[in-house]
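query-v2.cif follows; it contains mmCIF, C-alpha atoms.
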```cif
data_my_file
#
loop_
_atom_site.label_atom_id
_atom_site.label_comp_id
_atom_site.auth_asym_id
_atom_site.auth_seq_id
_atom_site.Cartn_x
_atom_site.Cartn_y
_atom_site.Cartn_z
CA MET A 1 -2.68 -1.82 -14.69
CA ALA A 2 -0.69 1.37 -15.29
CA ALA A 3 0.30 0.09 -18.74
CA GLU A 4 -3.34 -0.63 -19.54
CA ALA A 5 -4.31 2.89 -18.47
CA GLY A 6 -1.48 4.32 -20.55
CA SER A 7 -2.58 2.41 -23.63
CA ALA A 8 -6.00 4.08 -23.52
CA LEU A 9 -4.24 7.48 -23.60
CA GLY A 10 -1.93 6.50 -26.44
CA LEU A 11 1.07 6.36 -24.11
CA SER A 12 3.86 3.78 -24.28
CA VAL A 13 5.03 2.27 -21.00
CA ALA A 14 8.47 0.68 -20.78
CA VAL A 15 9.03 -1.62 -17.81
CA LEU A 16 12.26 -2.50 -16.01
CA ALA A 17 11.55 -6.07 -14.88
CA GLU A 18 13.76 -8.54 -13.07
CA SER A 19 12.17 -11.47 -14.90
CA PRO A 20 10.27 -11.86 -18.19
CA ALA A 21 7.64 -13.66 -16.10
CA ASP A 22 6.82 -10.45 -14.19
CA ALA A 23 3.15 -9.60 -14.66
CA ALA A 24 3.73 -6.20 -16.29
CA CYS A 25 5.78 -7.75 -19.09
CA ALA A 26 2.63 -9.14 -20.69
CA VAL A 27 1.17 -5.68 -21.33
CA ALA A 28 4.13 -3.26 -21.45
CA SER A 29 5.08 -1.60 -24.72
CA GLU A 30 8.72 -2.42 -24.05
CA VAL A 31 10.50 -4.61 -21.48
CA LEU A 32 14.03 -4.14 -20.18
CA LEU A 33 15.41 -6.85 -17.93
CA GLY A 34 17.33 -5.65 -14.91
CA SER A 35 17.10 -4.41 -11.35
CA PRO A 36 16.23 -0.98 -9.89
CA LEU A 37 19.15 -1.56 -7.51
CA VAL A 38 21.68 -1.60 -10.39
CA GLU A 39 22.59 1.86 -11.69
CA ASP A 40 23.37 0.74 -15.24
CA ASP A 41 19.95 -0.90 -15.47
CA MET A 42 18.23 2.25 -14.22
CA ARG A 43 20.18 4.34 -16.72
CA ALA A 44 19.15 2.00 -19.53
CA LEU A 45 15.51 2.58 -18.57
CA ALA A 46 16.00 6.34 -18.28
CA ASP A 47 17.46 6.42 -21.81
CA ARG A 48 14.23 4.91 -23.17
CA VAL A 49 11.59 7.10 -21.48
CA ASP A 50 10.59 10.70 -20.83
CA VAL A 51 9.74 10.12 -17.16
CA VAL A 52 10.82 7.40 -14.72
CA THR A 53 8.26 6.37 -12.11
CA PHE A 54 7.79 3.43 -9.74
CA ASP A 55 5.39 0.71 -8.61
CA HIS A 56 7.28 -0.21 -5.41
CA GLU A 57 9.62 1.29 -2.82
CA GLN A 58 12.55 -1.10 -3.27
CA VAL A 59 14.83 1.53 -4.82
CA ASP A 60 18.34 2.79 -4.11
CA LEU A 61 18.27 6.47 -3.12
CA ALA A 62 21.94 6.97 -4.10
CA ILE A 63 21.15 5.79 -7.64
CA ILE A 64 18.10 8.06 -7.77
CA ARG A 65 20.22 11.01 -6.64
CA SER A 66 22.86 10.27 -9.29
CA LEU A 67 20.26 10.10 -12.06
CA LEU A 68 18.61 13.31 -10.91
CA ASP A 69 21.99 15.06 -10.90
CA ASP A 70 22.35 14.05 -14.56
CA GLY A 71 19.00 15.57 -15.49
CA VAL A 72 16.83 12.43 -15.58
CA VAL A 73 13.18 13.26 -14.88
CA ILE A 74 12.11 11.06 -11.95
CA ARG A 75 8.66 11.41 -10.42
CA PRO A 76 8.11 11.18 -7.53
CA GLY A 77 11.37 12.85 -6.63
CA LEU A 78 13.97 12.34 -3.96
CA GLN A 79 12.10 14.09 -1.11
CA THR A 80 9.06 11.87 -1.60
CA LEU A 81 11.08 8.69 -2.09
CA GLN A 82 13.08 9.31 1.09
CA MET A 83 9.82 9.28 3.05
CA ALA A 84 8.42 6.28 1.18
CA VAL A 85 11.61 4.19 1.38
CA ASP A 86 12.55 4.92 5.01
CA LYS A 87 9.82 4.68 7.66
CA ALA A 88 12.01 6.34 10.28
CA HIS A 89 12.60 9.31 7.99
CA MET A 90 8.86 9.47 7.25
CA ARG A 91 7.96 9.47 10.95
CA ALA A 92 10.47 12.23 11.69
CA ALA A 93 9.22 14.41 8.81
CA LEU A 94 5.58 14.01 9.84
CA VAL A 95 6.27 14.69 13.51
CA LYS A 96 8.16 17.86 12.54
CA ALA A 97 5.11 18.98 10.56
CA GLY A 98 2.76 18.28 13.46
CA ILE A 99 1.05 15.26 11.86
CA PRO A 100 -0.19 12.66 14.39
CA VAL A 101 1.66 9.30 14.15
CA PRO A 102 1.93 6.34 16.54
CA ALA A 103 4.29 6.88 19.48
CA HIS A 104 7.66 5.43 18.51
CA THR A 105 11.41 5.32 18.95
CA THR A 106 14.23 3.80 16.90
CA VAL A 107 16.89 1.20 17.69
CA GLU A 108 19.56 -0.59 15.70
CA GLY A 109 19.11 -4.27 14.89
CA GLY A 110 21.74 -6.92 15.42
CA PRO A 111 23.16 -8.84 18.39
CA GLU A 112 23.44 -6.73 21.54
CA PRO A 113 27.03 -6.08 22.66
CA HIS A 114 26.16 -6.81 26.30
CA GLY A 115 23.42 -9.38 25.82
CA ALA A 116 19.69 -8.87 25.32
CA ALA A 117 19.23 -7.48 28.81
CA GLY A 118 21.94 -4.85 28.76
CA GLY A 119 22.57 -3.51 25.25
CA PRO A 120 21.52 -0.09 23.94
CA ALA A 121 18.57 -1.42 21.94
CA ALA A 122 17.15 -3.24 24.97
CA GLU A 123 17.67 -0.16 27.11
CA ALA A 124 15.84 2.02 24.57
CA ILE A 125 12.95 -0.44 24.37
CA ALA A 126 12.76 -0.65 28.17
CA ARG A 127 12.48 3.14 28.42
CA PHE A 128 9.82 3.16 25.71
CA VAL A 129 7.79 0.36 27.32
CA GLU A 130 8.00 2.05 30.71
CA GLU A 131 6.00 4.91 29.20
CA TYR A 132 3.75 3.09 26.72
CA GLY A 133 3.65 -0.56 27.84
CA TRP A 134 3.63 -3.87 26.00
CA PRO A 135 2.92 -5.05 23.36
CA VAL A 136 4.94 -3.04 20.82
CA VAL A 137 5.43 -3.37 17.08
CA LEU A 138 8.91 -3.66 15.55
CA LYS A 139 9.28 -2.50 11.94
CA THR A 140 12.34 -2.42 9.73
CA ALA A 141 12.81 1.17 8.61
CA ARG A 142 13.53 -0.03 5.08
CA GLY A 143 12.47 -2.91 2.90
CA GLY A 144 9.19 -4.06 4.48
CA TYR A 145 5.85 -4.34 2.68
CA ASP A 146 2.61 -6.36 2.85
CA GLY A 147 3.28 -7.42 6.43
CA LYS A 148 6.94 -8.27 5.80
CA GLY A 149 9.38 -6.58 8.15
CA VAL A 150 6.71 -6.09 10.84
CA TRP A 151 6.64 -8.00 14.15
CA PRO A 152 4.27 -7.52 17.11
CA VAL A 153 6.14 -8.54 20.29
CA ASN A 154 4.92 -8.98 23.85
CA ASP A 155 8.09 -8.88 25.92
CA MET A 156 11.82 -8.25 25.82
CA ALA A 157 12.70 -11.85 24.97
CA GLU A 158 10.52 -11.73 21.85
CA ALA A 159 11.97 -8.34 20.91
CA ALA A 160 15.54 -9.63 21.26
CA ALA A 161 14.75 -12.66 19.10
CA VAL A 162 13.46 -10.39 16.32
CA LEU A 163 16.23 -7.79 16.54
CA GLY A 164 19.15 -10.25 16.64
CA PRO A 165 19.18 -11.22 12.94
CA LEU A 166 18.29 -7.73 11.68
CA ARG A 167 20.68 -5.06 10.45
CA GLY A 168 19.90 -1.37 10.24
CA THR A 169 17.36 0.92 11.88
CA VAL A 170 14.23 -0.59 13.43
CA LEU A 171 11.18 1.35 14.55
CA VAL A 172 9.64 0.50 17.92
CA GLU A 173 6.00 1.60 17.99
CA THR A 174 2.98 1.37 20.22
CA MET A 175 0.31 -1.15 19.28
CA VAL A 176 -2.44 1.33 18.36
CA PRO A 177 -5.97 0.27 19.47
CA PHE A 178 -7.82 1.61 16.43
CA ASP A 179 -11.53 1.88 15.64
CA ALA A 180 -10.86 1.58 11.90
CA GLU A 181 -8.09 1.52 9.34
CA LEU A 182 -8.50 3.74 6.33
CA ALA A 183 -6.59 5.09 3.37
CA VAL A 184 -6.62 8.24 1.27
CA MET A 185 -5.31 8.33 -2.29
CA VAL A 186 -3.95 11.65 -3.58
CA ALA A 187 -2.75 12.49 -7.10
CA ARG A 188 -0.50 15.57 -7.38
CA ARG A 189 1.21 17.34 -10.29
CA PRO A 190 4.61 19.09 -10.18
CA SER A 191 2.77 22.43 -9.96
CA GLY A 192 1.10 21.34 -6.71
CA ASP A 193 -2.32 20.89 -8.32
CA MET A 194 -3.87 17.82 -6.71
CA VAL A 195 -7.03 15.73 -6.43
CA THR A 196 -8.08 13.20 -3.81
CA TRP A 197 -10.34 10.19 -3.93
CA PRO A 198 -12.75 9.59 -1.02
CA ALA A 199 -11.22 7.90 2.01
CA THR A 200 -11.69 4.13 2.05
CA GLU A 201 -12.10 1.71 4.94
CA THR A 202 -9.49 -1.04 4.71
CA ALA A 203 -9.10 -4.35 6.52
CA GLN A 204 -5.68 -5.93 7.03
CA VAL A 205 -4.95 -9.47 8.17
CA ASP A 206 -1.34 -10.22 9.18
CA GLY A 207 -0.34 -6.87 7.70
CA VAL A 208 -1.83 -7.62 4.27
CA CYS A 209 -4.87 -5.83 2.84
CA ARG A 210 -7.83 -8.16 2.38
CA GLU A 211 -10.67 -5.77 1.52
CA VAL A 212 -11.36 -2.12 0.73
CA LEU A 213 -14.82 -0.60 1.23
CA VAL A 214 -15.99 2.74 -0.16
CA PRO A 215 -17.14 4.53 1.90
CA GLY A 216 -17.38 1.61 4.32
CA ARG A 217 -18.59 2.30 7.85
CA LEU A 218 -16.65 5.53 8.21
CA PRO A 219 -18.62 8.55 9.49
CA PRO A 220 -18.76 11.42 6.95
CA ASP A 221 -16.76 13.75 9.21
CA VAL A 222 -13.93 11.19 9.44
CA VAL A 223 -13.91 10.83 5.63
CA ALA A 224 -13.68 14.61 5.27
CA ARG A 225 -10.91 14.96 7.86
CA ALA A 226 -8.95 12.10 6.29
CA ARG A 227 -9.11 13.77 2.90
CA VAL A 228 -7.66 17.00 4.32
CA LEU A 229 -4.93 15.06 6.14
CA GLY A 230 -4.01 13.16 2.98
CA ARG A 231 -3.56 16.40 1.05
CA HIS A 232 -1.40 17.80 3.85
CA VAL A 233 0.87 14.74 3.80
CA ALA A 234 1.18 14.99 0.00
CA GLU A 235 2.34 18.60 0.37
CA ILE A 236 4.86 17.72 3.10
CA ALA A 237 6.26 14.92 0.92
CA ASP A 238 6.24 17.15 -2.20
CA ALA A 239 4.56 14.20 -3.90
CA VAL A 240 4.24 13.94 -7.68
CA GLY A 241 2.06 11.12 -8.93
CA VAL A 242 -0.21 9.06 -6.72
CA LEU A 243 0.42 8.96 -2.98
CA ALA A 244 -1.37 6.50 -0.69
CA VAL A 245 -1.71 7.62 2.93
CA GLU A 246 -2.73 4.83 5.32
CA LEU A 247 -4.33 5.95 8.56
CA PHE A 248 -5.56 4.72 11.94
CA TRP A 249 -8.74 6.20 13.37
CA SER A 250 -8.23 5.78 17.11
CA ASP A 251 -10.37 7.32 19.84
CA GLY A 252 -11.37 10.21 17.62
CA VAL A 253 -7.83 10.88 16.33
CA LEU A 254 -6.59 10.25 12.78
CA MET A 255 -2.93 9.29 12.68
CA VAL A 256 -0.68 8.35 9.76
CA ASN A 257 0.58 4.77 9.81
CA GLU A 258 2.17 4.29 6.39
CA MET A 259 2.54 6.01 3.02
CA ALA A 260 3.30 4.68 -0.44
CA ALA A 261 4.45 6.90 -3.31
CA ARG A 262 2.77 4.89 -6.07
CA PRO A 263 -0.57 3.40 -7.09
CA HIS A 264 -1.68 1.29 -4.16
CA ASN A 265 -3.93 -1.64 -3.28
CA SER A 266 -6.32 0.68 -1.43
CA GLY A 267 -6.97 2.47 -4.73
CA HIS A 268 -7.69 -0.50 -7.01
CA TRP A 269 -11.41 0.16 -6.56
CA THR A 270 -11.02 3.33 -8.65
CA ILE A 271 -10.72 1.36 -11.92
CA GLU A 272 -14.46 0.68 -12.00
CA GLY A 273 -15.60 2.77 -9.04
CA ALA A 274 -14.36 6.29 -9.86
CA VAL A 275 -14.50 8.58 -12.88
CA THR A 276 -10.68 8.41 -13.18
CA SER A 277 -8.63 5.49 -11.90
CA GLN A 278 -5.55 5.90 -9.73
CA PHE A 279 -3.46 4.45 -12.56
CA GLU A 280 -4.61 6.99 -15.14
CA ASN A 281 -4.20 9.88 -12.73
CA HIS A 282 -0.73 8.65 -11.74
CA LEU A 283 0.35 8.80 -15.39
CA ARG A 284 -1.32 12.18 -15.87
CA ALA A 285 0.42 13.53 -12.77
CA VAL A 286 3.96 12.35 -13.54
CA LEU A 287 3.58 13.66 -17.11
CA ASP A 288 2.21 16.97 -15.76
CA LEU A 289 -1.12 16.58 -17.57
CA PRO A 290 -4.49 17.81 -16.26
CA LEU A 291 -5.84 15.48 -13.56
CA GLY A 292 -9.15 13.66 -13.92
CA SER A 293 -12.18 13.67 -11.64
CA THR A 294 -11.97 11.37 -8.62
CA ALA A 295 -15.72 11.31 -7.99
CA PRO A 296 -17.19 7.86 -7.23
CA GLN A 297 -19.51 6.49 -9.88
CA HIS A 298 -21.50 4.39 -7.41
CA ALA A 299 -22.84 4.80 -3.89
CA GLN A 300 -21.01 1.70 -2.62
CA VAL A 301 -17.91 -0.15 -3.80
CA ALA A 302 -16.31 -3.29 -2.37
CA ASN A 303 -12.86 -4.47 -3.39
CA VAL A 304 -11.57 -7.87 -2.21
CA ASN A 305 -8.11 -9.29 -2.89
CA ILE A 306 -7.55 -12.72 -4.41
CA PHE A 307 -4.91 -14.88 -2.70
CA GLY A 308 -3.36 -18.22 -3.52
CA GLY A 309 -4.76 -21.09 -1.47
CA PRO A 310 -2.95 -24.06 0.08
CA GLU A 311 -3.93 -26.31 -2.83
CA GLY A 312 -2.12 -24.01 -5.28
CA MET A 313 -5.03 -23.71 -7.73
CA ASP A 314 -4.47 -21.09 -10.44
CA PRO A 315 -7.42 -18.63 -10.30
CA VAL A 316 -7.46 -18.59 -14.12
CA ALA A 317 -8.71 -22.18 -13.98
CA LEU A 318 -11.54 -20.99 -11.72
CA LEU A 319 -12.39 -17.92 -13.78
CA PRO A 320 -15.82 -19.15 -14.95
CA ARG A 321 -16.90 -19.44 -11.31
CA GLY A 322 -15.67 -15.97 -10.43
CA LEU A 323 -17.24 -14.34 -13.47
CA ALA A 324 -20.57 -16.04 -12.73
CA VAL A 325 -20.98 -13.74 -9.70
CA GLU A 326 -23.19 -10.87 -10.79
CA GLY A 327 -21.39 -7.55 -11.06
CA ALA A 328 -17.92 -8.96 -10.32
CA HIS A 329 -15.06 -7.16 -12.06
CA VAL A 330 -12.17 -9.63 -11.89
CA HIS A 331 -8.53 -8.54 -12.27
CA LEU A 332 -5.89 -11.27 -12.33
CA TYR A 333 -2.27 -10.18 -12.29
CA GLY A 334 -0.67 -13.06 -14.17
CA LYS A 335 1.51 -14.01 -11.21
CA GLU A 336 2.71 -17.53 -10.48
CA THR A 337 0.37 -19.10 -7.96
CA ARG A 338 1.61 -19.91 -4.47
CA PRO A 339 -0.13 -20.06 -1.09
CA GLY A 340 -0.66 -16.64 0.47
CA ARG A 341 0.44 -14.67 -2.60
CA LYS A 342 -1.75 -11.79 -3.78
CA LEU A 343 -2.87 -12.81 -7.27
CA GLY A 344 -5.55 -10.28 -8.16
CA HIS A 345 -8.65 -8.52 -6.93
CA VAL A 346 -12.40 -8.33 -7.42
CA THR A 347 -14.46 -5.14 -7.42
CA VAL A 348 -18.25 -4.89 -7.17
CA CYS A 349 -20.15 -1.59 -7.38
CA GLY A 350 -23.75 -0.85 -6.44
CA ASP A 351 -26.12 0.87 -4.06
CA ASP A 352 -26.19 -1.47 -1.04
CA ALA A 353 -23.05 -1.79 1.10
CA GLU A 354 -23.70 -5.33 2.36
CA GLU A 355 -24.70 -6.61 -1.06
CA VAL A 356 -21.59 -5.37 -2.88
CA ARG A 357 -19.35 -6.73 -0.12
CA GLU A 358 -21.07 -10.11 -0.22
CA LEU A 359 -20.77 -10.36 -4.00
CA ALA A 360 -17.10 -9.32 -3.99
CA TRP A 361 -16.25 -11.92 -1.36
CA ALA A 362 -18.30 -14.59 -3.16
CA ALA A 363 -16.27 -14.01 -6.33
CA ALA A 364 -12.92 -13.96 -4.47
CA LEU A 365 -13.75 -17.22 -2.69
CA SER A 366 -14.86 -18.76 -5.99
CA LEU A 367 -11.46 -17.89 -7.42
CA GLY A 368 -9.68 -19.89 -4.71
CA THR A 369 -9.04 -17.24 -2.06
CA PRO A 370 -8.79 -19.03 1.31
CA ARG A 371 -10.84 -17.91 4.28
CA THR A 372 -9.12 -16.11 7.10
CA GLY A 373 -9.90 -16.15 10.79
CA GLY A 374 -8.84 -12.51 11.13
CA LEU A 375 -11.78 -10.99 9.26
CA ARG A 376 -15.52 -11.54 9.54
CA LEU A 377 -17.08 -12.41 6.19
CA PRO A 378 -20.49 -11.18 5.05
CA ARG A 379 -23.25 -12.95 6.98
CA ALA A 380 -24.47 -14.92 3.97
CA LEU A 381 -21.00 -16.48 3.50
CA GLU A 382 -19.97 -17.08 7.12
CA HIS A 383 -21.07 -20.69 7.36
CA GLN A 384 -20.08 -21.87 3.92
CA SER A 385 -17.12 -24.23 3.94
CA GLY A 386 -14.19 -24.07 1.52
CA THR A 387 -14.57 -21.74 -1.43
CA ALA A 388 -17.93 -20.31 -2.41
#
```

If you convert what's in this file into structure tokens, what do you get?
Amino acid sequence: MAAEAGSALGLSVAVLAESPADAACAVASEVLLGSPLVEDDMRALADRVDVVTFDHEQVDLAIIRSLLDDGVVIRPGLQTLQMAVDKAHMRAALVKAGIPVPAHTTVEGGPEPHGAAGGPAAEAIARFVEEYGWPVVLKTARGGYDGKGVWPVNDMAEAAAVLGPLRGTVLVETMVPFDAELAVMVARRPSGDMVTWPATETAQVDGVCREVLVPGRLPPDVVARARVLGRHVAEIADAVGVLAVELFWSDGVLMVNEMAARPHNSGHWTIEGAVTSQFENHLRAVLDLPLGSTAPQHAQVANVNIFGGPEGMDPVALLPRGLAVEGAHVHLYGKETRPGRKLGHVTVCGDDAEEVRELAWAAALSLGTPRTGGLRLPRALEHQSGTA
């Protein structure tokens, strides 16, 4: 999607891909095969482009530092990537700046030297639970995404079972009882000039985003406060490019849960729903070009993700059904189909919140997305069986 936005601006996008089957390879101007975790591969990419940027957090900070030392232009830079790559570092930086985050502590994964009941990790968790109670959420500080590396646990035995196989720092956090989950997308230039899109209401099931609603059921004052908070986080992180700030709204308090230094699922609605998409503004920002308007073009926007179902049906084969839904903008990512994998998204824009949500879900179900028990569907679709 970034390559498509770049093409409209006359920009060439070279992609470092681990496989020629990666979705971006189909639209990139140039493809280099390799890994972001191999310095020679990153240097080969840097030799071909004016600016290096990212679409995920699975990067090696030592390699990034080495490239920066040699004058390679990398945006976002090291300060931002340290916060995006390492959740423990992010939490510490936000707490230092006075930004509300879930109560947390850190422990080290791996087998306890004195058994689950007596090791330092268990002792730290016991002290934390004494103050905040069960359940808690364990998160790997590095490497997790889309629900991976995240485990809700209800007691010490469950915590020990999770921690045993892990290596490295693990966050222990309270299970936040939130009224809503939301996200703010910010685009920021090296000069500090920035724009924000309106806050969106998001719904996650098993740690994976299922739908994004704009503005959703969020009160206007919460939307305004979230926008200010998102800008503040972007300044703390010294972000360049698009930054996604994921928030909990809990008992009147907005707190930061996650951040991603890249275009993000919660901003896919901007392709059809805003004057300038997150992908175009990301490219503008990292190239230090003037940023585009983030104003919504419609009163209501619903964005629903397409997932692979248990039968393994390729959504391309179901495309006529999805496109038959009025107003459905279908984006398929060209990924190999497998159950539970995110394969694309559908966006519907309009004036009525329930109508656009119903149409977006109808199209996603028509494209093979399985139903989930963790999210209530629009009323008109609740009692339909299978796909729409």

List the spatial neighbours of Gly308 (chain A) as a VMD selection string - criterion: any atom at most 12 Å away, only C-alpha atoms, same-chain residues fewer than 2 positions off excluded.
chain A and resid 305 to 306 310 to 316 318 332 to 333 335 to 345 364 to 371 387

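Of the listed residues (A:Val107, A:Val101, A:Leu213, A:Leu359), A:Val101 comes nearest to Val253 (chain A); the distances count all atoms listed in the file.
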
Please, which residues in region 241-313 of chain A fall within 7 Å of region 78-91 of chain A when counting all atoms listed in the file, and what is the closest atom pair and distance in Å to one decimal for each, ordered by chain then residue number, as CSV?
```
residue,atom,partner,partner_atom,distance
A:Met259,CA,A:Ala84,CA,6.2
A:Ala260,CA,A:Ala84,CA,5.6
A:Ala261,CA,A:Ala84,CA,6.0
```

Tell me which protein, DNA and RNA residues are within 12 Å of Gln297 (chain A), counting only C-alpha atoms, leaving out same-chain ones fewer than 4 positions away, and put them as a PyMOL selection string.
chain A and resi 197-198+214+269-277+293+301+348-351

With distances taken over all atoms listed in the file, the candidate from A:Met255, A:Val51, A:Val72, A:Ala93 nearest Leu11 (chain A) is A:Val51

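Proximity of A:Asn154, A:Ser19, A:Ser266, A:Ser191 to Cys209 (chain A), computed with all atoms listed in the file, is greatest for A:Ser266.
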
Residues near Ala103 (chain A), cut-off 10 Å, only C-alpha atoms, skip fewer than 6 positions along chain, as a PDB file with C-alpha atoms, keeping the file's coordinate frame:
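What follows is the written file around23.pdb:
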```pdb
ATOM      1  CA  ARG A  91       7.960   9.470  10.950  1.00  0.00           C
ATOM      2  CA  PHE A 128       9.820   3.160  25.710  1.00  0.00           C
ATOM      3  CA  TYR A 132       3.750   3.090  26.720  1.00  0.00           C
ATOM      4  CA  VAL A 172       9.640   0.500  17.920  1.00  0.00           C
ATOM      5  CA  GLU A 173       6.000   1.600  17.990  1.00  0.00           C
ATOM      6  CA  THR A 174       2.980   1.370  20.220  1.00  0.00           C
ATOM      7  CA  MET A 175       0.310  -1.150  19.280  1.00  0.00           C
ATOM      8  CA  VAL A 176      -2.440   1.330  18.360  1.00  0.00           C
TER       9      VAL A 176
END
```

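Neighbouring residues of Leu166 (chain A) at 12 Å or closer, counting only C-alpha atoms and skipping chain neighbours under 6 positions away, are Val107, Glu108, Gly109, Gly110, Pro111, Glu112, Leu138, Lys139, Thr140, Ala141, Arg142, Gly143, Gly149, Val150, Trp151, Ala159 and Ala160 of chain A.
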
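If all atoms listed in the file are the atoms counted, then among A:Met156, A:Ile236, A:Val27, A:Leu229 the closest residue to Arg127 (chain A) is A:Met156.
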
Calculated over all atoms listed in the file, which of the candidates A:Leu247, A:Ala224, A:Val52, A:Val325 has the smallest distance to Gly71 (chain A)?
A:Val52

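Candidate residues A:Val304, A:Val256, A:Ala46, A:Ala299 were compared for distance to Pro215 (chain A), and the nearest is A:Ala299, using all atoms listed in the file.
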
Go ahead and fit an axis-aligned box to every listed atom of region 346-352 of chain A plus 8 Å each side, and pass me the centre and edge lengths in Å, one decimal, as AutoDock Vina command-line options.
```
--center_x -19.3 --center_y -3.7 --center_z -4.2 --size_x 29.8 --size_y 25.2 --size_z 22.4
```

Protein/DNA/RNA residues near (-16.7, -11.7, -0.6), cut 9 Å, all atoms listed in the file, as a list in words
Glu211, Ala302, Asn303, Val304, Val346, Val356, Arg357, Glu358, Leu359, Ala360, Trp361, Ala362, Ala363, Ala364, Leu365, Leu377, Pro378, Leu381 and Ala388 of chain A

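Note that the spacing between CA of Gly98 (chain A) and CA of Leu163 (chain A) amounts to 29.5 Å.
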
Given the point (-5.9, -5.0, -16.3) in the file's coordinates, find the residues that have an atom at most 7 Å from it, counting all atoms listed in the file, and give them as a compact mmCIF listing (two decimals) with C-alpha atoms, keeping the file's coordinate frame.
```
# COMPACT_ATOMS: atom_id res chain seq x y z
CA MET A 1 -2.68 -1.82 -14.69
CA GLU A 4 -3.34 -0.63 -19.54
CA HIS A 331 -8.53 -8.54 -12.27
```

Under the PyMOL selection byres ((chain A and resi 39) around 9), which residues of this model are included? Write them out as number ranges by chain.
A: 35-38, 40-44, 60, 63-64, 66-67

I'd like the contact shell of Ala234 (chain A) - 10 Å cut-off, all atoms listed in the file, skipping same-chain residues fewer than 3 positions apart - returned as a PDB file with C-alpha atoms, in the frame of the given file.
```
ATOM      1  CA  THR A  80       9.060  11.870  -1.600  1.00  0.00           C
ATOM      2  CA  MET A 185      -5.310   8.330  -2.290  1.00  0.00           C
ATOM      3  CA  VAL A 186      -3.950  11.650  -3.580  1.00  0.00           C
ATOM      4  CA  ALA A 187      -2.750  12.490  -7.100  1.00  0.00           C
ATOM      5  CA  ARG A 188      -0.500  15.570  -7.380  1.00  0.00           C
ATOM      6  CA  GLY A 192       1.100  21.340  -6.710  1.00  0.00           C
ATOM      7  CA  MET A 194      -3.870  17.820  -6.710  1.00  0.00           C
ATOM      8  CA  LEU A 229      -4.930  15.060   6.140  1.00  0.00           C
ATOM      9  CA  GLY A 230      -4.010  13.160   2.980  1.00  0.00           C
ATOM     10  CA  ARG A 231      -3.560  16.400   1.050  1.00  0.00           C
ATOM     11  CA  ALA A 237       6.260  14.920   0.920  1.00  0.00           C
ATOM     12  CA  ASP A 238       6.240  17.150  -2.200  1.00  0.00           C
ATOM     13  CA  ALA A 239       4.560  14.200  -3.900  1.00  0.00           C
ATOM     14  CA  VAL A 240       4.240  13.940  -7.680  1.00  0.00           C
ATOM     15  CA  GLY A 241       2.060  11.120  -8.930  1.00  0.00           C
ATOM     16  CA  VAL A 242      -0.210   9.060  -6.720  1.00  0.00           C
ATOM     17  CA  LEU A 243       0.420   8.960  -2.980  1.00  0.00           C
ATOM     18  CA  ALA A 244      -1.370   6.500  -0.690  1.00  0.00           C
ATOM     19  CA  VAL A 245      -1.710   7.620   2.930  1.00  0.00           C
ATOM     20  CA  MET A 259       2.540   6.010   3.020  1.00  0.00           C
ATOM     21  CA  ALA A 261       4.450   6.900  -3.310  1.00  0.00           C
TER      22      ALA A 261
END
```

re CA of Asn257 (chain A) and CA of Ala226 (chain A): distance 12.5 Å

Output region 352-359 of chain A with N, CA, C and O atoms present, as a compact mmCIF listing (two decimals), in the coordinates of the input.
```
# COMPACT_ATOMS: atom_id res chain seq x y z
N ASP A 352 -26.04 -0.91 -2.38
CA ASP A 352 -26.19 -1.47 -1.04
C ASP A 352 -24.83 -1.97 -0.55
O ASP A 352 -24.20 -2.82 -1.19
N ALA A 353 -24.38 -1.47 0.60
CA ALA A 353 -23.05 -1.79 1.10
C ALA A 353 -22.87 -3.28 1.37
O ALA A 353 -21.86 -3.88 1.01
N GLU A 354 -23.84 -3.91 2.03
CA GLU A 354 -23.70 -5.33 2.36
C GLU A 354 -23.75 -6.19 1.11
O GLU A 354 -23.03 -7.18 1.00
N GLU A 355 -24.58 -5.81 0.16
CA GLU A 355 -24.70 -6.61 -1.06
C GLU A 355 -23.41 -6.60 -1.87
O GLU A 355 -22.94 -7.65 -2.33
N VAL A 356 -22.81 -5.41 -2.06
CA VAL A 356 -21.59 -5.37 -2.88
C VAL A 356 -20.46 -6.10 -2.18
O VAL A 356 -19.63 -6.77 -2.83
N ARG A 357 -20.40 -6.02 -0.85
CA ARG A 357 -19.35 -6.73 -0.12
C ARG A 357 -19.56 -8.24 -0.23
O ARG A 357 -18.60 -9.00 -0.44
N GLU A 358 -20.79 -8.68 -0.12
CA GLU A 358 -21.07 -10.11 -0.22
C GLU A 358 -20.71 -10.64 -1.59
O GLU A 358 -20.09 -11.71 -1.72
N LEU A 359 -21.05 -9.90 -2.65
CA LEU A 359 -20.77 -10.36 -4.00
C LEU A 359 -19.25 -10.37 -4.27
O LEU A 359 -18.73 -11.30 -4.91
```
